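Below is one structure, written out as structure tokens, with a few remarks after it.
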Amino acid sequence: MPEVKEAIEAAIKAEDSSANDIYLSKVVSDFVESDVYYASWKSTKLPENESFFYVLVTKDGNLRTYDDGVLAIEKLKDILDSRRSFWQRLREFSLVEVMGAVIALCVTALFIYLSIEGINNPDALSKEFTGIFGIIVGYYFGKNMPSK
């Protein structure tokens, strides 16, 4: 802890050379191989509501500072997300979403195949299939657009 405290105080001094009366509190201990600290200080340069930050200290000693608690939480979430496997991520989707994606991928693969076949055989890709492909892909990607 003394080395961590000194490193955090050095980061505070780098941010604000007039920092004094530093208060340090561990917020989260040993989470995602990191500790999270809250640091505040008195300053002659910064207003009182800006003289604080959250510090993410990894087990290898790396220090990252965040002037907003939400940013620190988002960073921890990013670390957790990077550890999840493909199957864990896939379980987040509903069956309807997965089936829609599978249908869209199958129809797209068929469209690509028929497009390639159409080079030698112009009748391979019919106008009806092109229309159906457009409707399915338009529906699938259209429903995934964020609303304004």
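In the structure tokens, chains take letters A, B, ... by order of appearance, with residues numbered from 1 within each chain and ligands from 1 in the order shown.
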Expected answer as a count of residues only: helix (DSSP H, G or I) residues in stretch 8-133 of chain A: 61
Test item: residues at most 7 Å from A:Phe53, only C-alpha atoms, excluding those fewer than 6 positions along its chain, as an NGL selection string: :A and (38-40 or 65-68)
Counting only C-alpha atoms, the residue of A:Ile136, A:Leu76, A:Trp41, A:Ala14 that sits nearest A:Gly100: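 Among the listed residues, A:Ile136 lies closest to A:Gly100.
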A:Ile103, A:Val57, A:Val36, A:Ala11 ranked by distance to A:Phe133, top pick (using only C-alpha atoms): A:Ile103
Chain A: residues DSSP assigns to strand (DSSP E or B), reported as a ChimeraX atom specification: /A:20-31,34-42,52-58,63-66
Store the residues picked out above, limited to C-alpha atoms, as an mmCIF file, in the first residue's frame.
```cif
data_model
loop_
_atom_site.group_PDB
_atom_site.id
_atom_site.type_symbol
_atom_site.label_atom_id
_atom_site.label_comp_id
_atom_site.auth_asym_id
_atom_site.auth_seq_id
_atom_site.Cartn_x
_atom_site.Cartn_y
_atom_site.Cartn_z
ATOM 1 C CA ASN A 20 -2.047 19.291 -0.486
ATOM 2 C CA ASP A 21 -3.957 17.529 2.267
ATOM 3 C CA ILE A 22 -4.473 14.444 0.094
ATOM 4 C CA TYR A 23 -7.200 12.006 1.126
ATOM 5 C CA LEU A 24 -7.060 8.473 -0.249
ATOM 6 C CA SER A 25 -9.671 5.755 0.169
ATOM 7 C CA LYS A 26 -9.875 2.272 -1.353
ATOM 8 C CA VAL A 27 -13.304 1.914 -2.974
ATOM 9 C CA VAL A 28 -13.037 -1.561 -4.502
ATOM 10 C CA SER A 29 -10.511 -4.184 -3.553
ATOM 11 C CA ASP A 30 -9.211 -6.959 -5.808
ATOM 12 C CA PHE A 31 -11.855 -6.657 -8.516
ATOM 13 C CA SER A 34 -7.465 -4.230 -9.926
ATOM 14 C CA ASP A 35 -8.043 -1.978 -6.951
ATOM 15 C CA VAL A 36 -10.023 1.242 -7.250
ATOM 16 C CA TYR A 37 -9.178 4.216 -5.074
ATOM 17 C CA TYR A 38 -10.881 7.556 -4.549
ATOM 18 C CA ALA A 39 -8.445 10.434 -4.153
ATOM 19 C CA SER A 40 -9.310 13.999 -3.212
ATOM 20 C CA TRP A 41 -7.162 16.938 -2.227
ATOM 21 C CA LYS A 42 -7.185 20.620 -1.461
ATOM 22 C CA PHE A 52 -10.643 14.537 -7.002
ATOM 23 C CA PHE A 53 -10.375 11.484 -9.183
ATOM 24 C CA TYR A 54 -10.717 7.746 -9.183
ATOM 25 C CA VAL A 55 -7.584 5.681 -9.629
ATOM 26 C CA LEU A 56 -7.558 2.195 -11.118
ATOM 27 C CA VAL A 57 -4.457 0.309 -9.939
ATOM 28 C CA THR A 58 -3.783 -3.005 -11.668
ATOM 29 C CA LEU A 63 -2.140 3.478 -12.643
ATOM 30 C CA ARG A 64 -5.035 5.028 -14.554
ATOM 31 C CA THR A 65 -6.877 8.075 -13.328
ATOM 32 C CA TYR A 66 -10.485 8.985 -14.106
#
```
Best match for closeness to A:Phe129 among A:Glu117, A:Met99, A:Val107, A:Arg83, counting only C-alpha atoms: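 Among A:Glu117, A:Met99, A:Val107, A:Arg83, it is A:Val107 that comes nearest to A:Phe129.
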Interatomic distance, atom CA of A:Val102 to atom CA of A:Ser85 (Å, one decimal): 19.4 Å
